[in-house]
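Participant: Following this line is data-v7.cif, made up of mmCIF, C-alpha atoms and all ligand atoms:
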```cif
data_upload
#
loop_
_atom_site.label_atom_id
_atom_site.label_comp_id
_atom_site.auth_asym_id
_atom_site.auth_seq_id
_atom_site.Cartn_x
_atom_site.Cartn_y
_atom_site.Cartn_z
CA MET G 1 3.38 -5.20 18.96
CA GLY G 2 0.41 -4.45 21.20
CA TYR G 3 -1.28 -2.10 23.60
CA TRP G 4 1.76 -1.38 25.69
CA THR G 5 3.59 0.13 22.74
CA VAL G 6 0.65 2.39 21.97
CA SER G 7 0.30 3.57 25.56
CA SER G 8 4.04 4.09 25.94
CA MET G 9 3.85 6.26 22.83
CA ALA G 10 1.08 8.24 24.50
CA ALA G 11 3.35 8.73 27.50
CA ALA G 12 6.12 9.83 25.16
CA VAL G 13 3.78 12.39 23.61
CA VAL G 14 3.02 13.88 27.01
CA ALA G 15 6.73 13.93 27.85
CA THR G 16 7.64 15.63 24.59
CA ALA G 17 4.98 18.25 25.13
CA VAL G 18 6.76 19.21 28.35
CA VAL G 19 10.18 19.22 26.72
CA PHE G 20 8.89 21.21 23.81
CA ALA G 21 7.28 23.82 26.06
CA ALA G 22 10.69 24.32 27.67
CA VAL G 23 12.39 25.22 24.40
CA THR G 24 9.84 27.56 22.87
CA THR G 25 12.20 30.47 23.33
CA THR G 26 14.67 29.03 20.78
CA THR G 27 14.33 29.68 17.08
CA THR G 28 11.76 27.89 14.93
CA THR G 29 14.42 25.80 13.18
CA ARG G 30 15.91 24.66 16.44
CA GLY G 31 12.45 23.86 17.80
CA ALA G 32 11.69 21.80 14.69
CA GLU G 33 14.85 19.74 15.14
CA VAL G 34 14.03 18.98 18.74
CA ALA G 35 10.55 17.87 17.77
CA ALA G 36 11.71 15.61 14.90
CA ASP G 37 14.04 13.73 17.23
CA GLU G 38 11.20 12.98 19.61
CA PHE G 39 9.29 10.86 17.08
CA ARG G 40 11.76 8.03 17.06
CA SER G 41 9.69 5.17 15.81
CA GLY G 42 8.25 6.77 12.68
CA ALA G 43 4.97 6.15 10.94
CA SER G 44 3.59 4.89 7.65
CA PHE G 45 0.58 6.36 5.89
CA ILE G 46 -0.51 3.67 3.49
CA PHE G 47 -2.56 4.20 0.32
CA GLY G 48 -3.50 1.53 -2.16
CA ASP G 49 -5.50 -1.56 -3.01
CA SER G 50 -5.92 -5.11 -1.71
CA LEU G 51 -2.15 -5.68 -1.77
CA VAL G 52 -1.95 -3.49 1.34
CA ASP G 53 -5.55 -3.22 2.69
CA ALA G 54 -5.41 -3.95 6.43
CA GLY G 55 -9.18 -4.15 6.96
CA ASN G 56 -10.86 -1.01 5.60
CA ASN G 57 -13.15 -3.08 3.39
CA ASN G 58 -14.55 -4.78 6.51
CA PHE G 59 -16.38 -1.50 7.16
CA ILE G 60 -17.97 -0.87 3.75
CA PRO G 61 -20.58 -2.85 1.79
CA THR G 62 -18.39 -4.46 -0.86
CA LEU G 63 -17.83 -7.74 -2.62
CA SER G 64 -14.07 -7.27 -2.22
CA ARG G 65 -13.52 -8.84 1.20
CA ALA G 66 -10.96 -10.91 3.01
CA ASN G 67 -12.35 -11.03 6.55
CA MET G 68 -13.05 -14.74 6.23
CA THR G 69 -10.98 -17.85 6.86
CA PRO G 70 -8.44 -18.97 5.91
CA ASN G 71 -7.15 -15.46 5.13
CA GLY G 72 -4.92 -14.30 7.97
CA ILE G 73 -4.20 -17.84 9.15
CA ASP G 74 -0.53 -16.93 9.67
CA PHE G 75 -1.09 -13.37 10.97
CA ALA G 76 0.57 -13.57 14.39
CA ALA G 77 -0.87 -10.32 15.79
CA SER G 78 -4.46 -11.61 15.48
CA GLY G 79 -3.62 -15.18 16.47
CA GLY G 80 -4.53 -16.32 12.97
CA THR G 81 -8.03 -14.87 12.78
CA PRO G 82 -8.87 -12.95 9.60
CA THR G 83 -8.37 -9.17 9.74
CA GLY G 84 -9.37 -8.18 6.23
CA ARG G 85 -5.84 -8.58 4.86
CA PHE G 86 -5.84 -10.34 1.48
CA THR G 87 -3.06 -12.77 2.33
CA ASN G 88 -2.20 -15.48 4.85
CA GLY G 89 -0.08 -13.19 7.05
CA ARG G 90 1.38 -9.72 6.91
CA THR G 91 1.12 -7.45 3.91
CA ILE G 92 4.20 -5.88 2.40
CA ALA G 93 3.27 -2.59 4.11
CA ASP G 94 3.04 -4.27 7.54
CA ILE G 95 6.49 -5.79 7.11
CA ILE G 96 8.07 -2.55 5.92
CA GLY G 97 6.63 -0.76 8.98
CA GLU G 98 8.18 -3.40 11.24
CA MET G 99 11.53 -3.19 9.50
CA LEU G 100 11.63 0.58 9.95
CA GLY G 101 10.96 0.18 13.66
CA GLN G 102 7.34 1.32 13.75
CA ALA G 103 5.82 0.62 17.20
CA ASP G 104 2.66 -1.03 15.81
CA TYR G 105 0.97 -1.66 12.43
CA SER G 106 -0.75 1.32 10.81
CA PRO G 107 -4.44 0.74 11.67
CA PRO G 108 -7.23 0.90 9.07
CA PHE G 109 -8.71 4.39 8.80
CA LEU G 110 -12.28 3.09 9.00
CA ALA G 111 -11.79 1.03 12.18
CA PRO G 112 -13.72 2.81 14.95
CA ASN G 113 -10.77 2.70 17.38
CA THR G 114 -8.32 4.31 14.94
CA SER G 115 -7.98 7.54 16.89
CA GLY G 116 -5.87 9.22 19.53
CA ALA G 117 -2.27 8.07 19.92
CA ALA G 118 -2.84 5.06 17.62
CA ILE G 119 -2.55 7.37 14.58
CA LEU G 120 1.06 8.18 15.54
CA ASN G 121 1.94 4.81 13.96
CA GLY G 122 0.43 6.12 10.73
CA VAL G 123 -2.90 5.11 9.23
CA ASN G 124 -3.84 2.71 6.45
CA TYR G 125 -6.36 3.96 3.84
CA ALA G 126 -5.99 1.11 1.33
CA SER G 127 -9.04 -0.66 -0.01
CA GLY G 128 -9.42 -3.90 -1.93
CA GLY G 129 -10.68 -3.26 -5.47
CA ALA G 130 -9.58 0.38 -5.48
CA GLY G 131 -7.82 2.12 -8.32
CA ILE G 132 -6.35 5.44 -9.30
CA LEU G 133 -9.55 6.15 -11.22
CA ASN G 134 -12.95 6.49 -9.55
CA GLY G 135 -14.56 4.09 -12.01
CA THR G 136 -12.15 1.23 -11.36
CA GLY G 137 -13.45 -1.80 -9.44
CA LYS G 138 -17.17 -1.18 -10.10
CA VAL G 139 -17.56 -4.93 -10.26
CA PHE G 140 -17.09 -5.00 -6.46
CA VAL G 141 -20.00 -2.53 -5.99
CA ASN G 142 -17.99 -0.51 -3.47
CA ARG G 143 -14.36 0.37 -2.69
CA ILE G 144 -12.48 3.45 -1.48
CA TRP G 145 -10.88 4.90 -4.57
CA MET G 146 -7.67 6.90 -4.38
CA ASP G 147 -9.27 10.37 -4.41
CA VAL G 148 -11.28 9.42 -1.33
CA GLN G 149 -8.23 7.87 0.35
CA VAL G 150 -6.58 11.30 0.06
CA ASP G 151 -9.75 12.95 1.45
CA TYR G 152 -9.50 10.58 4.40
CA PHE G 153 -5.87 11.52 4.98
CA ASN G 154 -7.05 15.11 5.16
CA VAL G 155 -9.23 14.05 8.11
CA THR G 156 -6.24 12.39 9.81
CA ARG G 157 -4.20 15.51 9.09
CA ARG G 158 -6.55 17.59 11.25
CA GLN G 159 -6.54 14.94 14.00
CA LEU G 160 -2.74 15.17 14.07
CA ASP G 161 -2.94 18.95 14.46
CA ASP G 162 -5.21 18.44 17.46
CA LEU G 163 -3.00 15.73 18.92
CA LEU G 164 0.43 17.33 18.45
CA GLY G 165 -0.18 20.98 17.71
CA ARG G 166 0.30 22.38 14.22
CA ASP G 167 4.07 22.85 14.23
CA ARG G 168 4.88 19.46 15.67
CA ALA G 169 2.36 17.74 13.39
CA ARG G 170 4.08 19.29 10.38
CA VAL G 171 7.53 18.17 11.54
CA PHE G 172 6.23 14.68 12.32
CA LEU G 173 4.74 14.30 8.84
CA ARG G 174 7.62 15.82 6.92
CA ARG G 175 10.43 14.08 8.74
CA LYS G 176 9.17 10.88 10.29
CA ALA G 177 6.38 9.64 8.05
CA ILE G 178 6.65 7.46 4.96
CA PHE G 179 3.80 7.78 2.46
CA SER G 180 3.42 4.57 0.49
CA VAL G 181 1.22 4.28 -2.57
CA THR G 182 0.50 0.80 -3.96
CA ILE G 183 -2.16 1.22 -6.59
CA GLY G 184 -2.79 0.71 -10.31
CA SER G 185 -3.30 -3.05 -10.70
CA ASN G 186 -7.07 -2.75 -10.53
CA ASP G 187 -7.08 0.03 -13.11
CA PHE G 188 -6.00 -2.71 -15.50
CA LEU G 189 -7.52 -5.90 -14.06
CA ASN G 190 -10.85 -4.40 -13.08
CA ASN G 191 -11.18 -1.59 -15.56
CA TYR G 192 -9.17 -1.47 -18.79
CA LEU G 193 -9.05 -5.24 -19.30
CA MET G 194 -12.72 -5.56 -18.36
CA PRO G 195 -14.25 -3.11 -20.84
CA LEU G 196 -17.85 -4.28 -20.61
CA LEU G 197 -17.99 -3.56 -16.90
CA SER G 198 -16.04 -0.33 -16.91
CA VAL G 199 -17.02 3.19 -17.80
CA GLY G 200 -18.33 3.33 -21.36
CA THR G 201 -15.52 5.37 -22.87
CA ARG G 202 -12.88 2.76 -21.98
CA VAL G 203 -14.08 0.42 -24.68
CA SER G 204 -12.78 2.68 -27.42
CA GLU G 205 -9.91 4.26 -25.54
CA SER G 206 -6.35 3.49 -26.71
CA PRO G 207 -3.84 2.34 -24.11
CA ASP G 208 -1.98 5.64 -24.48
CA ALA G 209 -5.02 7.78 -23.69
CA PHE G 210 -5.84 5.50 -20.75
CA LEU G 211 -2.27 5.75 -19.43
CA ASP G 212 -2.36 9.56 -19.77
CA ASP G 213 -5.49 9.54 -17.67
CA LEU G 214 -3.94 7.34 -14.97
CA ILE G 215 -0.72 9.31 -14.73
CA SER G 216 -2.42 12.70 -14.61
CA HIS G 217 -4.76 11.55 -11.84
CA LEU G 218 -1.90 10.05 -9.88
CA ARG G 219 0.08 13.27 -10.24
CA ASP G 220 -2.88 15.21 -8.77
CA GLN G 221 -3.24 12.73 -5.91
CA LEU G 222 0.47 12.91 -4.99
CA THR G 223 0.33 16.69 -5.20
CA ARG G 224 -2.64 16.82 -2.83
CA LEU G 225 -0.72 14.66 -0.34
CA TYR G 226 2.21 17.06 -0.66
CA THR G 227 0.01 20.05 0.18
CA LEU G 228 -0.96 18.15 3.34
CA ASP G 229 2.77 17.86 4.32
CA ALA G 230 3.70 14.47 2.84
CA ARG G 231 7.38 14.59 1.82
CA LYS G 232 8.79 11.03 1.84
CA PHE G 233 6.99 8.98 -0.76
CA VAL G 234 7.39 5.45 -2.01
CA VAL G 235 5.29 4.56 -5.03
CA ALA G 236 5.08 0.93 -6.17
CA ASN G 237 4.81 0.14 -9.83
CA VAL G 238 2.33 -2.45 -11.11
CA GLY G 239 3.44 -6.09 -10.89
CA PRO G 240 3.48 -8.63 -13.73
CA LEU G 241 -0.31 -8.99 -13.87
CA GLY G 242 -0.09 -11.60 -16.60
CA CYS G 243 1.70 -13.98 -14.22
CA ILE G 244 -0.91 -14.12 -11.43
CA PRO G 245 -2.77 -17.44 -11.09
CA TYR G 246 -6.07 -15.79 -12.09
CA GLN G 247 -4.76 -14.54 -15.44
CA LYS G 248 -2.85 -17.76 -16.10
CA THR G 249 -5.97 -19.78 -15.37
CA ILE G 250 -8.46 -17.85 -17.50
CA ASN G 251 -6.02 -17.63 -20.40
CA ARG G 252 -4.89 -21.26 -20.03
CA VAL G 253 -1.17 -20.64 -20.41
CA GLU G 254 1.59 -23.10 -19.62
CA GLU G 255 3.09 -23.26 -16.18
CA ASP G 256 6.23 -21.34 -17.15
CA GLU G 257 4.39 -18.75 -19.27
CA CYS G 258 2.65 -15.49 -18.47
CA VAL G 259 -0.15 -13.73 -20.34
CA LYS G 260 1.29 -11.11 -22.67
CA LEU G 261 -1.23 -8.26 -22.81
CA PRO G 262 -1.56 -7.59 -19.06
CA ASN G 263 2.24 -7.65 -18.71
CA GLN G 264 2.66 -5.28 -21.66
CA LEU G 265 0.14 -2.83 -20.21
CA ALA G 266 1.85 -2.99 -16.80
CA GLN G 267 5.22 -2.28 -18.39
CA GLN G 268 3.84 0.66 -20.38
CA TYR G 269 2.29 2.13 -17.25
CA ASN G 270 5.48 1.51 -15.26
CA ALA G 271 7.60 3.40 -17.79
CA ARG G 272 5.26 6.38 -17.51
CA LEU G 273 5.27 6.15 -13.71
CA ARG G 274 9.07 6.15 -13.66
CA ASP G 275 9.14 9.30 -15.78
CA LEU G 276 6.58 10.98 -13.53
CA LEU G 277 8.59 10.28 -10.38
CA ILE G 278 11.85 11.42 -11.99
CA GLU G 279 10.13 14.62 -12.99
CA LEU G 280 8.66 15.17 -9.52
CA ASN G 281 12.07 14.55 -7.92
CA ASN G 282 13.86 16.95 -10.26
CA GLY G 283 11.26 19.56 -10.98
CA GLY G 284 10.47 22.59 -8.87
CA ASP G 285 6.76 21.91 -8.36
CA LEU G 286 7.04 20.01 -5.08
CA PRO G 287 10.21 21.29 -3.38
CA GLY G 288 11.62 19.13 -0.59
CA ALA G 289 9.69 16.01 -1.59
CA ARG G 290 11.42 12.68 -2.37
CA PHE G 291 9.75 10.02 -4.46
CA CYS G 292 11.11 6.48 -4.43
CA LEU G 293 10.03 3.99 -7.04
CA ALA G 294 9.51 0.43 -5.77
CA ASN G 295 10.07 -1.81 -8.77
CA VAL G 296 7.56 -4.47 -7.78
CA TYR G 297 7.30 -5.63 -11.40
CA ASP G 298 10.91 -6.79 -11.65
CA LEU G 299 10.95 -8.04 -8.07
CA VAL G 300 7.90 -10.28 -8.48
CA LEU G 301 9.15 -11.46 -11.87
CA GLU G 302 12.47 -12.39 -10.27
CA LEU G 303 10.66 -14.43 -7.59
CA ILE G 304 8.54 -16.12 -10.24
CA THR G 305 11.40 -16.87 -12.61
CA ASN G 306 13.86 -18.12 -10.00
CA TYR G 307 11.41 -19.38 -7.38
CA PRO G 308 13.43 -22.45 -6.29
CA LYS G 309 16.35 -20.17 -5.41
CA TYR G 310 14.10 -18.42 -2.88
CA GLY G 311 12.83 -21.67 -1.38
CA PHE G 312 9.45 -21.82 -3.14
CA GLN G 313 7.92 -24.97 -4.63
CA THR G 314 5.64 -23.18 -7.07
CA ALA G 315 5.15 -19.74 -8.58
CA SER G 316 2.09 -20.59 -10.64
CA MET G 317 -0.39 -22.28 -8.27
CA ALA G 318 -2.52 -20.34 -5.78
CA CYS G 319 -2.22 -21.81 -2.29
CA CYS G 320 -5.84 -20.94 -1.49
CA GLY G 321 -8.38 -20.93 -4.30
CA ASN G 322 -10.12 -23.20 -6.77
CA GLY G 323 -10.62 -23.77 -10.46
CA GLY G 324 -8.59 -24.46 -13.57
CA SER G 325 -4.99 -25.58 -13.72
CA TYR G 326 -3.71 -23.14 -11.09
CA ASP G 327 -6.60 -22.94 -8.59
CA GLY G 328 -6.95 -19.42 -9.93
CA LEU G 329 -10.66 -18.93 -10.64
CA VAL G 330 -12.49 -18.75 -7.31
CA PRO G 331 -11.13 -16.38 -4.62
CA CYS G 332 -9.91 -17.73 -1.29
CA GLY G 333 -12.64 -18.44 1.27
CA PRO G 334 -13.90 -20.97 3.80
CA THR G 335 -14.79 -23.54 1.12
CA SER G 336 -11.56 -23.20 -0.89
CA SER G 337 -8.89 -25.82 -0.97
CA MET G 338 -5.70 -24.70 0.75
CA CYS G 339 -2.14 -25.94 0.30
CA ASP G 340 -0.18 -27.44 3.21
CA ALA G 341 3.13 -25.61 2.87
CA ARG G 342 1.94 -22.00 2.71
CA ASP G 343 5.47 -20.63 2.84
CA LYS G 344 6.40 -22.58 -0.29
CA TYR G 345 3.95 -20.72 -2.54
CA VAL G 346 4.69 -17.36 -4.16
CA PHE G 347 0.93 -16.76 -4.43
CA TRP G 348 -1.47 -17.04 -1.54
CA ASP G 349 -4.61 -16.77 -3.69
CA PRO G 350 -5.43 -16.10 -7.37
CA TYR G 351 -4.29 -12.45 -7.05
CA HIS G 352 -2.09 -11.85 -4.02
CA PRO G 353 1.41 -12.85 -2.90
CA SER G 354 1.88 -15.03 0.17
CA GLU G 355 3.40 -13.65 3.35
CA ALA G 356 6.62 -15.51 2.47
CA ALA G 357 6.80 -13.60 -0.82
CA ASN G 358 5.90 -10.31 0.92
CA VAL G 359 8.81 -10.76 3.34
CA LEU G 360 11.23 -11.00 0.40
CA LEU G 361 9.66 -8.06 -1.44
CA ALA G 362 9.82 -5.88 1.68
CA LYS G 363 13.46 -6.79 2.26
CA TYR G 364 14.50 -5.56 -1.18
CA ILE G 365 12.45 -2.37 -0.90
CA VAL G 366 13.82 -1.44 2.52
CA ASP G 367 17.48 -2.46 2.07
CA GLY G 368 17.91 -3.28 -1.62
CA ASP G 369 19.80 -1.53 -4.38
CA SER G 370 18.66 0.65 -7.28
CA LYS G 371 17.54 -2.28 -9.40
CA TYR G 372 14.49 -2.62 -7.15
CA ILE G 373 14.22 0.67 -5.26
CA SER G 374 15.43 4.02 -6.57
CA PRO G 375 16.81 6.62 -6.26
CA MET G 376 17.41 5.32 -2.70
CA ASN G 377 16.06 2.53 -0.54
CA LEU G 378 13.51 3.07 2.21
CA ARG G 379 16.04 2.75 5.01
CA LYS G 380 17.87 5.71 3.50
CA LEU G 381 14.68 7.65 2.76
CA PHE G 382 13.48 7.19 6.32
CA SER G 383 16.80 8.37 7.78
CA LEU G 384 16.83 11.68 5.85
C1 LIG G 401 -8.79 -1.86 17.60
O1 LIG G 401 -9.67 -2.96 17.66
C2 LIG G 401 -9.16 -4.13 17.05
C3 LIG G 401 -10.26 -5.16 17.02
O2 LIG G 401 -10.79 -5.34 18.28
C4 LIG G 401 -7.91 -4.59 17.81
O3 LIG G 401 -7.39 -5.74 17.21
C5 LIG G 401 -6.87 -3.47 17.74
O4 LIG G 401 -5.74 -3.83 18.50
C6 LIG G 401 -7.46 -2.18 18.28
N1 LIG G 401 -6.51 -1.12 18.02
C7 LIG G 401 -6.19 -0.20 18.91
C8 LIG G 401 -5.23 0.85 18.46
O5 LIG G 401 -6.65 -0.18 20.04
C1 LIG G 402 -13.86 11.26 -8.37
O1 LIG G 402 -14.47 11.31 -7.12
C2 LIG G 402 -14.16 12.51 -6.39
C3 LIG G 402 -14.83 12.40 -5.05
O2 LIG G 402 -14.30 11.34 -4.39
C4 LIG G 402 -14.65 13.73 -7.14
O3 LIG G 402 -14.26 14.89 -6.44
C5 LIG G 402 -14.02 13.73 -8.52
O4 LIG G 402 -14.55 14.80 -9.26
C6 LIG G 402 -14.31 12.42 -9.23
N1 LIG G 402 -13.57 12.42 -10.47
C7 LIG G 402 -14.12 12.08 -11.63
C8 LIG G 402 -13.24 12.16 -12.83
O5 LIG G 402 -15.29 11.74 -11.72
C1 LIG G 403 -8.52 19.44 3.24
O1 LIG G 403 -9.71 19.86 3.87
C2 LIG G 403 -9.84 21.26 3.95
C3 LIG G 403 -11.07 21.57 4.79
O2 LIG G 403 -12.18 20.89 4.32
C4 LIG G 403 -9.94 21.83 2.54
O3 LIG G 403 -10.07 23.23 2.59
C5 LIG G 403 -8.68 21.46 1.78
O4 LIG G 403 -8.80 21.88 0.44
C6 LIG G 403 -8.49 19.94 1.81
N1 LIG G 403 -7.19 19.64 1.22
C7 LIG G 403 -7.03 18.69 0.28
C8 LIG G 403 -5.67 18.53 -0.26
O5 LIG G 403 -7.94 18.00 -0.12
#
```
So that I can check it, write out the structure of this file as structure tokens.

Facilitator:
Amino acid sequence: MGYWTVSSMAAAVVATAVVFAAVTTTTTTRGAEVAADEFRSGASFIFGDSLVDAGNNNFIPTLSRANMTPNGIDFAASGGTPTGRFTNGRTIADIIGEMLGQADYSPPFLAPNTSGAAILNGVNYASGGAGILNGTGKVFVNRIWMDVQVDYFNVTRRQLDDLLGRDRARVFLRRKAIFSVTIGSNDFLNNYLMPLLSVGTRVSESPDAFLDDLISHLRDQLTRLYTLDARKFVVANVGPLGCIPYQKTINRVEEDECVKLPNQLAQQYNARLRDLLIELNNGGDLPGARFCLANVYDLVLELITNYPKYGFQTASMACCGNGGSYDGLVPCGPTSSMCDARDKYVFWDPYHPSEAANVLLAKYIVDGDSKYISPMNLRKLFSL
């Protein structure tokens, strides 16, 4: 994964332009098929929070940062220097891109060199601390919330028109691009469960009213992406928040226990998300779109419950962090303690899975069965 792949893609673009010019006399449908075949390697457009941020937060004034050691210590493409990813290696989105044959990782939207042929790998808009709601993550001072991530995709959308021409850009997006959305955890961790710091109304809001709010905003956001030619979606549900080292530490639960309320809220949200995606797949509002649900909740819970089976030594301790029984209070940074066997920990830091866990999660989402990815896995979705 490096420069040569990007420049060979640029060469491919020039070559396809010639081929395409030669077939303009055929019908539109035929032309569209020719164009779709040219974009062999595919692309991911990535929306979400710190679980998939690839460095956007390096470019905004925020307290939610990971561009410091030892984050990224196992990230081969940077030689182990931090990139802004909130884990020791690749994020789940990086790994999924690799598995689907993407030529290079989707670069962060805010990086100054994310332009030209580089955007044919897709673009990453995710931002640590971000939520579905604008007010989520205020504690970090700044973050790119989901509405703005969609605004940013609208900018990329126009760049793709310039790069490929309107017809080919549309075919590229509809046929060869996966739109992944990994968001919602912060709407609980850094909003609903943190009422004093969140927007005033939250304090008195019932979970049901809050969930209505989340789902209706997410529906609008997915619909806006659709109007910009997104068709192949994968939406992750919220993981078992009550099992992360941070929650286990502050609530002082036993090693084999999780905190009930955050898990209950996640499950309530996940049930509503599942209904939304079923409706969008079956309803007539967004014809031609496919929405896959990545069941991250059950996947992470499986890793936590049966961690020895997957080769882990612990599913409760953070590898990098400090404080309390699980090193779950202080985020990972240069002064944190760090474990030796990083691939033996489910959690890299108080909040985020390790690369070893991300590899397993990605495997189930790309090639797994309907228990973890439905109504089809990403390999199938990509091939449609
Ligand atoms: C953009 O710059 C970063 C940092 O120098 C580098 O790692 C990355 O490979 C560059 N990306 C492209 C597409 O040139
Ligand atoms: C959220 O922010 C966007 C701009 O990013 C704005 O258009 C929208 O109205 C805001 N929504 C709410 C509920 O404040
Ligand atoms: C994208 O930007 C254009 C031009 O500013 C605007 O007219 C359009 O409504 C935007 N689309 C979405 C989905 O935000």

Participant: My list of candidates is G:Tyr351, G:Phe179, G:Tyr345, G:Phe47. Which is closest to Pro240 in chain G when distances are computed with only C-alpha atoms?

Facilitator: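 Going through G:Tyr351, G:Phe179, G:Tyr345, G:Phe47 one by one, the smallest distance to Pro240 in chain G is for G:Tyr351.
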
Participant: State, in Å with one decimal place, the distance from CA of Asn358 in chain G to CA of Val235 in chain G.

Facilitator: 16.0 Å

Participant: Return as a Markdown table the residues of chain G lying at most 6 Å from ligand LIG 401 (chain G), together with the closest atom-to-atom pair for each and the distance in Å to one decimal, counting only C-alpha atoms and all ligand atoms, with rows in chain order and ascending residue number.

Facilitator:
```
| residue | atom | partner | partner_atom | distance |
| --- | --- | --- | --- | --- |
| G:Asn113 | CA | G:LIG401 | C1 | 5.0 |
| G:Thr114 | CA | G:LIG401 | C8 | 5.8 |
| G:Ala118 | CA | G:LIG401 | C8 | 4.9 |
```

Participant: Could you make a table, as a tab-separated table, of the residues of chain G that have an atom within 10 Å of an atom of ligand LIG 402 (chain G), each with its nearest atom pair and distance in Å to one decimal, counting all atoms listed in the file, in chain and number order?

Facilitator:
```
residue	atom	partner	partner_atom	distance
G:Ile132	CA	G:LIG402	C1	9.5
G:Leu133	CA	G:LIG402	C8	7.2
G:Asn134	CA	G:LIG402	C1	5.0
G:Gly135	CA	G:LIG402	O5	7.7
G:Ile144	CA	G:LIG402	O2	8.6
G:Trp145	CA	G:LIG402	O2	7.3
G:Met146	CA	G:LIG402	O2	8.0
G:Asp147	CA	G:LIG402	O2	5.1
G:Val148	CA	G:LIG402	O2	4.7
G:Gln149	CA	G:LIG402	O2	8.4
G:Val150	CA	G:LIG402	O2	8.9
G:Asp151	CA	G:LIG402	O2	7.6
G:Asp213	CA	G:LIG402	C8	9.5
G:His217	CA	G:LIG402	C8	8.6
```

Participant: Just the number, please: distance in Å from CA of Arg290 in chain G to CA of Leu381 in chain G, one decimal.

Facilitator: 7.9 Å

Participant: What is the distance between CA of Ser106 in chain G and CA of Ile46 in chain G, in Å to one decimal?

Facilitator: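 Separating CA of Ser106 in chain G from CA of Ile46 in chain G is a distance of 7.7 Å.
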
Participant: Give the residues close to ligand LIG 403 (chain G), within 10 Å, counting only C-alpha atoms and all ligand atoms; write them as number ranges by chain.

Facilitator: G: 147-148, 150-158, 220-229

Participant: If we count only C-alpha atoms, what is near range 84-100 of chain G at a cut-off of 9 Å, once residues fewer than 5 positions away on the same chain are taken out, given as number ranges by chain?

Facilitator: G: 41-44, 46, 50-58, 65-68, 70-76, 105-106, 121, 128, 180, 332, 342, 347-349, 351-363, 365-366, 378-379, 382

Participant: Considering only C-alpha atoms, state which residue in the set G:Ile119, G:Ala315, G:Ile373, G:Val346 is at the smallest distance from Asn237 in chain G.

Facilitator: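 For Asn237 in chain G, the nearest of the candidates is G:Ile373.
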
Participant: Measuring between only C-alpha atoms, which one of G:Leu261, G:Ile278, G:Leu218, G:Ala77 shows the shortest distance to Phe188 in chain G?

Facilitator: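 Selected residue with least distance to Phe188 in chain G: G:Leu261.
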
Participant: With distances taken over all atoms listed in the file, which residue among G:Gln313, G:Thr136, G:Gln159, G:Ser115 lies nearest Asn190 in chain G?

Facilitator: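 When distances to Asn190 in chain G are compared using all atoms listed in the file, the smallest one comes from G:Thr136.
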
Participant: Using all atoms listed in the file for the distances, tell me which of G:Asp256, G:Asp340, G:Gly323, G:Gly239 is nearest to Asn306 in chain G.

Facilitator: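 Nearest candidate to Asn306 in chain G out of G:Asp256, G:Asp340, G:Gly323, G:Gly239: G:Asp256.
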
Participant: I'd like to know which of G:Phe233, G:Phe312, G:Phe172, G:Tyr307 is closest to Leu280 in chain G, using all atoms listed in the file.

Facilitator: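 Closest residue, counting all atoms listed in the file: G:Phe233.
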
Participant: Compile the contact shell of Val238 in chain G as a list in words: residues with an atom at most 6 Å away, counting only C-alpha atoms, same-chain residues fewer than 5 positions apart removed.

Facilitator: Ser185, Ala266 and Tyr297 of chain G

Participant: With the input short on atoms, add N, CA and C atoms back to range 327-336 of chain G and write it as a PDB file, keeping the file's coordinate frame.

Facilitator:
```
ATOM      1  N   ASP G 327      -5.689 -23.326  -9.687  1.00  0.00           N
ATOM      2  CA  ASP G 327      -6.600 -22.940  -8.590  1.00  0.00           C
ATOM      3  C   ASP G 327      -6.835 -21.430  -8.602  1.00  0.00           C
ATOM      4  N   GLY G 328      -6.954 -20.880  -9.810  1.00  0.00           N
ATOM      5  CA  GLY G 328      -6.950 -19.420  -9.930  1.00  0.00           C
ATOM      6  C   GLY G 328      -8.280 -18.776 -10.272  1.00  0.00           C
ATOM      7  N   LEU G 329      -9.380 -19.521 -10.217  1.00  0.00           N
ATOM      8  CA  LEU G 329     -10.660 -18.930 -10.640  1.00  0.00           C
ATOM      9  C   LEU G 329     -11.457 -18.353  -9.483  1.00  0.00           C
ATOM     10  N   VAL G 330     -11.621 -19.147  -8.423  1.00  0.00           N
ATOM     11  CA  VAL G 330     -12.490 -18.750  -7.310  1.00  0.00           C
ATOM     12  C   VAL G 330     -11.620 -18.196  -6.183  1.00  0.00           C
ATOM     13  N   PRO G 331     -11.939 -16.971  -5.686  1.00  0.00           N
ATOM     14  CA  PRO G 331     -11.130 -16.380  -4.620  1.00  0.00           C
ATOM     15  C   PRO G 331     -11.081 -17.241  -3.369  1.00  0.00           C
ATOM     16  N   CYS G 332     -10.108 -16.969  -2.519  1.00  0.00           N
ATOM     17  CA  CYS G 332      -9.910 -17.730  -1.290  1.00  0.00           C
ATOM     18  C   CYS G 332     -11.032 -17.475  -0.292  1.00  0.00           C
ATOM     19  N   GLY G 333     -11.585 -18.551   0.254  1.00  0.00           N
ATOM     20  CA  GLY G 333     -12.640 -18.440   1.270  1.00  0.00           C
ATOM     21  C   GLY G 333     -12.777 -19.738   2.021  1.00  0.00           C
ATOM     22  N   PRO G 334     -13.763 -19.798   2.920  1.00  0.00           N
ATOM     23  CA  PRO G 334     -13.900 -20.970   3.800  1.00  0.00           C
ATOM     24  C   PRO G 334     -14.040 -22.298   3.052  1.00  0.00           C
ATOM     25  N   THR G 335     -14.589 -22.283   1.828  1.00  0.00           N
ATOM     26  CA  THR G 335     -14.790 -23.540   1.120  1.00  0.00           C
ATOM     27  C   THR G 335     -13.666 -23.850   0.131  1.00  0.00           C
ATOM     28  N   SER G 336     -12.653 -22.972   0.063  1.00  0.00           N
ATOM     29  CA  SER G 336     -11.560 -23.200  -0.890  1.00  0.00           C
ATOM     30  C   SER G 336     -10.675 -24.347  -0.412  1.00  0.00           C
TER      31      SER G 336
END
```
